[in-house]
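Source file: run_11.txt. Holds: compact mmCIF, C-alpha atoms.
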```txt
# COMPACT_ATOMS: atom_id res chain seq x y z
CA MET A 1 14.19 -4.22 14.50
CA GLY A 2 12.23 -4.13 11.28
CA GLU A 3 9.80 -1.42 10.22
CA VAL A 4 6.07 -2.13 9.96
CA ILE A 5 4.39 -0.27 7.10
CA THR A 6 0.65 -0.44 6.46
CA PHE A 7 -0.77 0.28 3.00
CA THR A 8 -4.33 1.46 3.46
CA SER A 9 -7.10 3.39 1.72
CA GLY A 10 -10.59 4.64 2.30
CA LYS A 11 -11.99 3.57 -1.05
CA GLY A 12 -11.65 0.13 -2.59
CA GLY A 13 -10.20 -0.43 -6.03
CA VAL A 14 -7.38 2.11 -5.78
CA GLY A 15 -4.61 -0.47 -6.26
CA LYS A 16 -3.55 -0.92 -2.67
CA THR A 17 -2.83 -4.66 -2.86
CA THR A 18 -0.91 -4.31 -6.13
CA THR A 19 1.09 -1.48 -4.61
CA THR A 20 1.90 -3.51 -1.50
CA ALA A 21 3.09 -6.42 -3.61
CA ASN A 22 5.26 -4.43 -6.00
CA VAL A 23 6.82 -2.17 -3.38
CA GLY A 24 7.57 -5.32 -1.38
CA VAL A 25 9.31 -6.86 -4.38
CA GLY A 26 11.20 -3.61 -4.89
CA LEU A 27 12.47 -3.67 -1.31
CA SER A 28 13.52 -7.30 -1.64
CA LEU A 29 15.51 -6.42 -4.78
CA LEU A 30 17.28 -3.78 -2.71
CA ASP A 31 18.56 -6.63 -0.53
CA LYS A 32 16.02 -6.11 2.25
CA LYS A 33 14.28 -9.02 3.95
CA VAL A 34 10.54 -8.46 3.47
CA VAL A 35 7.32 -10.13 4.54
CA LEU A 36 3.90 -9.17 3.17
CA VAL A 37 0.91 -9.64 5.49
CA ASP A 38 -2.67 -9.69 4.18
CA THR A 39 -5.22 -8.47 6.75
CA ASP A 40 -8.18 -8.46 4.36
CA ILE A 41 -9.84 -11.35 6.18
CA GLY A 42 -12.61 -12.88 4.10
CA LEU A 43 -11.57 -11.27 0.81
CA ARG A 44 -7.89 -12.06 0.49
CA ASN A 45 -6.15 -11.00 -2.71
CA LEU A 46 -2.46 -10.56 -1.95
CA ASP A 47 -1.63 -14.23 -2.58
CA VAL A 48 -3.52 -14.09 -5.89
CA VAL A 49 -1.65 -10.99 -7.05
CA MET A 50 1.61 -12.74 -6.17
CA GLY A 51 0.53 -16.02 -7.82
CA LEU A 52 0.96 -18.03 -4.61
CA GLU A 53 -2.65 -19.04 -3.87
CA ASN A 54 -2.04 -22.72 -4.63
CA ARG A 55 0.66 -23.04 -1.98
CA ILE A 56 -1.40 -21.97 1.04
CA LEU A 57 -1.64 -24.39 3.95
CA TYR A 58 -2.16 -21.96 6.83
CA ASN A 59 -3.12 -18.30 6.96
CA LEU A 60 -3.07 -15.20 9.15
CA VAL A 61 -6.13 -16.26 11.14
CA ASP A 62 -4.52 -19.63 11.89
CA VAL A 63 -1.47 -17.82 13.26
CA LEU A 64 -3.39 -15.27 15.34
CA SER A 65 -5.73 -17.93 16.79
CA GLY A 66 -2.80 -20.20 17.70
CA ARG A 67 -3.68 -23.02 15.30
CA CYS A 68 -0.21 -22.90 13.76
CA ARG A 69 3.21 -21.33 14.24
CA VAL A 70 4.21 -18.26 12.27
CA LYS A 71 6.74 -20.18 10.16
CA GLN A 72 4.05 -22.64 9.07
CA ALA A 73 1.98 -19.86 7.50
CA VAL A 74 4.84 -18.01 5.83
CA LEU A 75 5.15 -18.61 2.08
CA LYS A 76 8.58 -17.93 0.61
CA ASP A 77 8.52 -16.57 -2.93
CA LYS A 78 10.98 -18.66 -4.95
CA ARG A 79 11.35 -15.85 -7.51
CA TYR A 80 12.56 -13.40 -4.86
CA PRO A 81 14.72 -15.01 -2.12
CA ASN A 82 14.25 -12.06 0.26
CA LEU A 83 10.43 -11.99 -0.02
CA SER A 84 7.78 -13.90 1.95
CA ILE A 85 4.03 -13.60 2.43
CA ILE A 86 1.50 -14.45 5.13
CA PRO A 87 -1.86 -14.84 3.33
CA SER A 88 -5.22 -14.09 4.85
CA SER A 89 -8.29 -16.29 5.20
CA CYS A 90 -11.16 -16.29 2.70
CA ALA A 91 -13.65 -17.85 5.13
CA LYS A 92 -16.69 -15.84 6.13
CA GLY A 93 -16.60 -14.89 9.81
CA ALA A 94 -12.97 -15.92 10.19
CA ALA A 95 -12.10 -12.67 11.96
CA ILE A 96 -14.41 -13.40 14.91
CA GLY A 97 -12.34 -13.55 18.08
CA ILE A 98 -9.24 -12.01 16.46
CA ASN A 99 -8.04 -8.92 18.31
CA GLU A 100 -5.36 -6.23 18.19
CA LYS A 101 -3.32 -7.75 21.02
CA GLN A 102 -2.81 -10.91 18.96
CA MET A 103 -1.78 -8.82 15.97
CA LYS A 104 0.72 -6.82 18.02
CA ASN A 105 2.30 -10.03 19.29
CA LEU A 106 2.70 -11.27 15.72
CA LEU A 107 4.26 -8.00 14.58
CA LYS A 108 6.67 -8.14 17.50
CA ASP A 109 7.94 -11.49 16.21
CA LEU A 110 8.07 -10.37 12.57
CA ARG A 111 10.04 -7.23 13.43
CA ARG A 112 12.84 -9.45 14.72
CA ASP A 113 13.06 -11.51 11.53
CA TYR A 114 12.48 -8.98 8.75
CA ASP A 115 13.74 -5.55 7.69
CA PHE A 116 10.27 -4.58 6.46
CA VAL A 117 6.81 -5.89 7.34
CA LEU A 118 4.32 -4.61 4.74
CA ILE A 119 0.67 -4.92 5.71
CA ASP A 120 -2.05 -4.92 3.07
CA SER A 121 -5.09 -3.42 4.78
CA PRO A 122 -8.65 -3.89 3.51
CA ALA A 123 -10.42 -0.80 2.21
CA GLY A 124 -12.55 1.10 4.70
CA ILE A 125 -12.22 1.54 8.45
CA GLU A 126 -13.64 -1.67 9.89
CA HIS A 127 -12.00 -4.51 11.89
CA GLY A 128 -9.36 -5.37 9.28
CA PHE A 129 -8.27 -1.74 9.21
CA ASP A 130 -7.90 -1.78 13.01
CA LEU A 131 -5.70 -4.89 12.84
CA ALA A 132 -3.60 -3.44 10.04
CA THR A 133 -2.92 -0.13 11.78
CA CYS A 134 -2.79 -1.13 15.45
CA ASP A 135 1.01 -1.20 15.67
CA CYS A 136 2.45 0.18 12.44
CA ASP A 137 5.44 2.51 12.32
CA ARG A 138 4.26 4.12 9.09
CA ALA A 139 0.98 4.20 7.19
CA ILE A 140 0.83 4.84 3.46
CA ILE A 141 -2.57 5.95 2.19
CA VAL A 142 -3.06 4.88 -1.42
CA THR A 143 -5.39 7.05 -3.48
CA THR A 144 -6.18 7.71 -7.11
CA PRO A 145 -6.75 11.22 -8.52
CA GLN A 146 -10.52 10.76 -8.32
CA VAL A 147 -12.71 12.95 -6.16
CA ALA A 148 -14.32 10.07 -4.23
CA ALA A 149 -10.97 8.37 -3.57
CA ILE A 150 -9.39 11.61 -2.38
CA HIS A 151 -12.31 12.34 -0.06
CA ASP A 152 -12.12 8.87 1.52
CA ALA A 153 -8.34 9.09 1.80
CA ASP A 154 -8.70 12.34 3.73
CA CYS A 155 -11.09 10.63 6.17
CA VAL A 156 -8.57 7.81 6.73
CA LEU A 157 -5.80 10.38 7.25
CA SER A 158 -7.83 12.02 10.02
CA ILE A 159 -8.30 8.67 11.78
CA LEU A 160 -4.60 7.79 11.55
CA LYS A 161 -3.61 11.15 13.01
CA LYS A 162 -6.00 10.64 15.93
CA ARG A 163 -4.36 7.26 16.51
CA ALA A 164 -0.97 8.98 16.58
CA VAL A 165 0.61 6.81 13.88
CA LYS A 166 4.26 7.87 13.82
CA GLU A 167 4.41 8.71 10.13
CA VAL A 168 1.71 8.93 7.47
CA ASN A 169 2.37 9.28 3.74
CA ILE A 170 0.26 9.69 0.62
CA LEU A 171 0.80 7.57 -2.50
CA ILE A 172 -0.95 8.60 -5.72
CA ASN A 173 -1.81 5.65 -7.95
CA SER A 174 -3.05 5.40 -11.56
CA PHE A 175 -1.91 8.91 -12.47
CA ARG A 176 -2.77 9.80 -16.07
CA ARG A 177 -0.72 12.64 -17.47
CA GLN A 178 -2.85 13.14 -20.56
CA MET A 179 -6.02 13.57 -18.51
CA VAL A 180 -4.30 16.28 -16.47
CA LYS A 181 -3.16 17.99 -19.69
CA ASP A 182 -6.75 17.86 -20.93
CA GLY A 183 -7.96 19.43 -17.70
CA ASP A 184 -9.92 16.37 -16.60
CA MET A 185 -7.85 15.22 -13.59
CA LEU A 186 -6.22 16.78 -10.57
CA ASP A 187 -2.48 17.34 -10.82
CA VAL A 188 -0.06 15.86 -8.26
CA ALA A 189 0.64 19.26 -6.76
CA ASP A 190 -3.09 19.95 -6.42
CA ILE A 191 -3.64 16.66 -4.59
CA CYS A 192 -0.71 17.24 -2.24
CA GLU A 193 -2.16 20.58 -1.16
CA LEU A 194 -5.27 18.76 0.02
CA PHE A 195 -3.45 16.49 2.49
CA ASP A 196 -1.47 17.21 5.63
CA ALA A 197 0.93 14.37 4.86
CA LYS A 198 4.11 13.89 2.84
CA LEU A 199 3.94 12.36 -0.64
CA ILE A 200 5.94 9.10 -0.84
CA GLY A 201 5.46 8.48 -4.56
CA VAL A 202 3.36 8.55 -7.72
CA VAL A 203 2.58 5.47 -9.82
CA LEU A 204 1.70 6.19 -13.44
CA GLU A 205 -1.20 4.44 -15.17
CA ASP A 206 0.20 1.33 -16.82
CA GLU A 207 -1.59 -1.49 -18.68
CA ALA A 208 1.29 -3.81 -17.74
CA ILE A 209 -0.05 -3.80 -14.17
CA ILE A 210 -3.32 -5.40 -15.32
CA VAL A 211 -1.46 -7.98 -17.39
CA SER A 212 0.79 -8.85 -14.45
CA GLN A 213 -2.17 -9.17 -12.08
CA ASN A 214 -3.91 -11.59 -14.41
CA ARG A 215 -0.75 -13.68 -14.61
CA GLY A 216 -0.22 -13.67 -10.84
CA GLU A 217 3.12 -11.93 -10.94
CA PRO A 218 4.50 -8.52 -9.93
CA VAL A 219 5.22 -5.94 -12.61
CA MET A 220 8.82 -5.67 -11.38
CA GLY A 221 11.33 -6.81 -13.97
CA LYS A 222 9.00 -6.03 -16.88
CA HIS A 223 10.79 -2.77 -17.74
CA THR A 224 7.63 -0.68 -17.63
CA VAL A 225 6.90 2.86 -16.48
CA SER A 226 5.22 1.61 -13.31
CA GLU A 227 8.23 -0.52 -12.36
CA GLU A 228 10.39 2.57 -12.06
CA CYS A 229 7.72 4.21 -9.90
CA TYR A 230 7.57 1.26 -7.49
CA ILE A 231 11.33 0.87 -7.15
CA ASN A 232 11.67 4.60 -6.43
CA ILE A 233 9.09 4.30 -3.64
CA ALA A 234 11.06 1.37 -2.22
CA ARG A 235 14.25 3.42 -2.34
CA ARG A 236 12.58 6.28 -0.47
CA LEU A 237 11.47 3.82 2.22
CA CYS A 238 15.15 2.88 2.51
CA LYS A 239 15.86 6.54 3.38
CA GLU A 240 17.24 7.55 -0.02
CA GLU A 241 16.73 11.24 -0.80
CA LEU A 242 15.01 10.76 -4.12
CA PRO A 243 12.94 13.60 -5.60
CA ILE A 244 9.49 12.93 -7.01
CA PRO A 245 9.25 14.08 -10.64
CA ASP A 246 7.00 17.03 -11.36
CA TYR A 247 5.05 15.13 -13.99
CA ILE A 248 2.70 17.97 -14.88
CA ARG A 249 1.74 21.30 -13.41
CA HIS A 250 -1.51 22.26 -15.07
CA LYS A 251 -4.71 23.57 -13.52
CA SER A 252 -7.67 21.31 -14.23
CA ILE A 253 -11.40 21.82 -13.97
CA PHE A 254 -11.25 20.19 -10.54
CA SER A 255 -8.80 22.83 -9.32
CA ARG A 256 -11.47 25.46 -9.76
CA ILE A 257 -13.85 23.33 -7.70
CA PHE A 258 -11.46 22.56 -4.85
CA PHE A 259 -9.36 25.70 -4.63
CA SER A 260 -10.15 29.32 -3.85
CA LYS A 261 -8.74 32.05 -1.67
CA ASN A 262 -11.28 31.12 0.99
CA THR A 263 -10.64 27.35 1.08
CA ALA A 264 -6.83 27.75 1.02
CA GLY A 265 -6.37 24.23 -0.37
CA LYS A 266 -8.57 22.38 2.11
CA LEU A 267 -10.95 19.62 1.14
CA VAL A 268 -14.52 20.77 0.80
```
Could you write out this file's structure as structure tokens?
Amino acid sequence: MGEVITFTSGKGGVGKTTTTANVGVGLSLLDKKVVLVDTDIGLRNLDVVMGLENRILYNLVDVLSGRCRVKQAVLKDKRYPNLSIIPSSCAKGAAIGINEKQMKNLLKDLRRDYDFVLIDSPAGIEHGFDLATCDCDRAIIVTTPQVAAIHDADCVLSILKKRAVKEVNILINSFRRQMVKDGDMLDVADICELFDAKLIGVVLEDEAIIVSQNRGEPVMGKHTVSEECYINIARRLCKEELPIPDYIRHKSIFSRIFFSKNTAGKLV
């Protein structure tokens, strides 16, 4: 049976969809059969990031509502033989009548056919979030080293723990080493102390990601710094014992705000 992994976040714009796409490609390159599922109903982006928007005939809502079979909605990526995608709907109000039971039935079918089912959850904690997390084996909270993003990620972590998700990880995106050196950004170690969850990986800031997004293609295969980050995350999901580099250990101005003997590393 395949593993269902949901990529989620509290705040929008943290790179969750891009992360889902590139980690999915990384897993497929490791000879794993992968399907990406977009649950951002109304504001789909996963197919755009993958450059597959022109091939859509049916979408997730069509599958869940019974208007088509699963195989009719699945798009196979010709660039990566092991990778497929189920796009979402961009129609307003399309999620009306869609429920968690329908989503669980879909995931039951996908688990039989794929090694990994990666779900791209919409930002926030509304209906799309409920669908994305209703039956996942692991949730990965994507955050950037920004105060607002970290605060929202902590709120999502609390909700996932209340829902008894089997495993929850933190993924730090858009990490800028120079800003940490200058004392203007939280370090990886500082961020990890704020969360009661294991770090699955760090993705360094990389302009190649923006270029790839605009071209509708993953950054994998471009020989960039972010590519190595994504493939290492994929390897960890495949149970490889791969250490996360200690990019920088330097106290920033934010450390003095967040940390003291009294707070003991808790979010304030």
Starting from the point (-4.2, -19.6, 13.4), work out which residues of protein, DNA or RNA have an atom no more than 12 Å away when counting all atoms listed in the file; state them as a tab-separated table (two decimals) with C-alpha atoms, keeping the file's coordinate frame.
```
chain	number	residue	atom	x	y	z
A	57	LEU	CA	-1.64	-24.39	3.95
A	58	TYR	CA	-2.16	-21.96	6.83
A	59	ASN	CA	-3.12	-18.30	6.96
A	60	LEU	CA	-3.07	-15.20	9.15
A	61	VAL	CA	-6.13	-16.26	11.14
A	62	ASP	CA	-4.52	-19.63	11.89
A	63	VAL	CA	-1.47	-17.82	13.26
A	64	LEU	CA	-3.39	-15.27	15.34
A	65	SER	CA	-5.73	-17.93	16.79
A	66	GLY	CA	-2.80	-20.20	17.70
A	67	ARG	CA	-3.68	-23.02	15.30
A	68	CYS	CA	-0.21	-22.90	13.76
A	69	ARG	CA	3.21	-21.33	14.24
A	70	VAL	CA	4.21	-18.26	12.27
A	71	LYS	CA	6.74	-20.18	10.16
A	72	GLN	CA	4.05	-22.64	9.07
A	73	ALA	CA	1.98	-19.86	7.50
A	74	VAL	CA	4.84	-18.01	5.83
A	86	ILE	CA	1.50	-14.45	5.13
A	87	PRO	CA	-1.86	-14.84	3.33
A	88	SER	CA	-5.22	-14.09	4.85
A	89	SER	CA	-8.29	-16.29	5.20
A	94	ALA	CA	-12.97	-15.92	10.19
A	95	ALA	CA	-12.10	-12.67	11.96
A	97	GLY	CA	-12.34	-13.55	18.08
A	98	ILE	CA	-9.24	-12.01	16.46
A	102	GLN	CA	-2.81	-10.91	18.96
A	103	MET	CA	-1.78	-8.82	15.97
A	106	LEU	CA	2.70	-11.27	15.72
```
Checklist line | Computed interatomic separation between CA of Met220 in chain A and CA of Gly42 in chain A (Å) | finding: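 Atom-to-atom, CA of Met220 in chain A to CA of Gly42 in chain A, that is 27.4 Å.
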Next item on the list: Would you mind listing what lies within 12 Å of Arg79 in chain A as a ChimeraX atom specification, with all atoms listed in the file counted and same-chain residues fewer than 5 positions away left out?
Entry: /A:25,28-29,50-52,84,217-218,220-221
Pull the closest atom pair for each residue of range 158-201 of chain A that gets at most 12 Å from range 113-125 of chain A, along with the distance in Å to one decimal, counting only C-alpha atoms, ordering rows by chain and then ascending residue number, as JSON lines.
```
{"residue": "A:Ser158", "atom": "CA", "partner": "A:Ile125", "partner_atom": "CA", "distance": 11.5}
{"residue": "A:Ile159", "atom": "CA", "partner": "A:Ile125", "partner_atom": "CA", "distance": 8.8}
{"residue": "A:Leu160", "atom": "CA", "partner": "A:Ile125", "partner_atom": "CA", "distance": 10.3}
```
Notebook entry, point to check: Looking at all atoms listed in the file, which of A:Gln178, A:Thr143, A:Asn82, A:Gln213 is the one that sits closest to Leu30 in chain A?
Noted result: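 For Leu30 in chain A, the nearest of the candidates is A:Asn82.
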Next item on the list: Work out how far apart CA of Ile141 in chain A and CA of Ile172 in chain A are and give it in Å to one decimal.
Entry: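 Computing it gives 8.5 Å between the two atoms.
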Next item on the list: Have a look at A:Gly24, A:Leu237, A:Lys181, A:Gly10 and name the one nearest to Asp154 in chain A; count only C-alpha atoms.
Entry: A:Gly10
Checklist line | Between CA of Ala234 in chain A and CA of Ala148 in chain A - distance in Å to one decimal | finding: 26.9 Å
Check: If you count only C-alpha atoms, which residues fall within 8 Å of Asp135 in chain A, apart from same-chain ones fewer than 5 positions away, as JSON, numbers by chain?
Finding: {"A": [4, 104, 107]}
Go ahead and dump the residues you just picked, C-alpha atoms, as a PDB file, in the frame of the given file.
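Output file result.pdb is given in full below:
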```pdb
ATOM      1  CA  VAL A   4       6.070  -2.130   9.960  1.00  0.00           C
ATOM      2  CA  LYS A 104       0.720  -6.820  18.020  1.00  0.00           C
ATOM      3  CA  LEU A 107       4.260  -8.000  14.580  1.00  0.00           C
TER       4      LEU A 107
END
```
Residues near Thr144 in chain A, cut-off 9 Å, all atoms listed in the file, skip fewer than 5 positions along chain, as a PDB file with C-alpha atoms, in the frame of the given file:
```pdb
ATOM      1  CA  VAL A  14      -7.380   2.110  -5.780  1.00  0.00           C
ATOM      2  CA  GLY A  15      -4.610  -0.470  -6.260  1.00  0.00           C
ATOM      3  CA  ALA A 149     -10.970   8.370  -3.570  1.00  0.00           C
ATOM      4  CA  ILE A 150      -9.390  11.610  -2.380  1.00  0.00           C
ATOM      5  CA  LEU A 171       0.800   7.570  -2.500  1.00  0.00           C
ATOM      6  CA  ILE A 172      -0.950   8.600  -5.720  1.00  0.00           C
ATOM      7  CA  ASN A 173      -1.810   5.650  -7.950  1.00  0.00           C
ATOM      8  CA  SER A 174      -3.050   5.400 -11.560  1.00  0.00           C
ATOM      9  CA  PHE A 175      -1.910   8.910 -12.470  1.00  0.00           C
TER      10      PHE A 175
END
```
Check: For Val211 in chain A, which residue among A:Val49, A:Leu242, A:Val165, A:Leu43 is the nearest when counting all atoms listed in the file?
Finding: A:Val49
Note to self: Which residues are near Cys192 in chain A? Cut-off 9 Å, all atoms listed in the file, ignore same chain within fewer than 6 positions. Put them as a PyMOL selection string.
What the structure shows: chain A and resi 170+198-199
Margin query: Nearest residue to Ala164 in chain A out of A:Gln146, A:Thr133, A:Thr19, A:Ser226, using all atoms listed in the file?
Written below: A:Thr133
Note to self: From the options A:Asp182, A:Glu228, A:Asp77, A:Glu205, which residue's atoms come nearest to Glu53 in chain A, counting all atoms listed in the file?
What the structure shows: A:Asp77
Check: For Leu36 in chain A, which of A:Lys76, A:Lys11, A:Arg55, A:Arg176 is the closest residue, counting all atoms listed in the file?
Finding: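 Distance minimum relative to Leu36 in chain A lands on A:Lys76.
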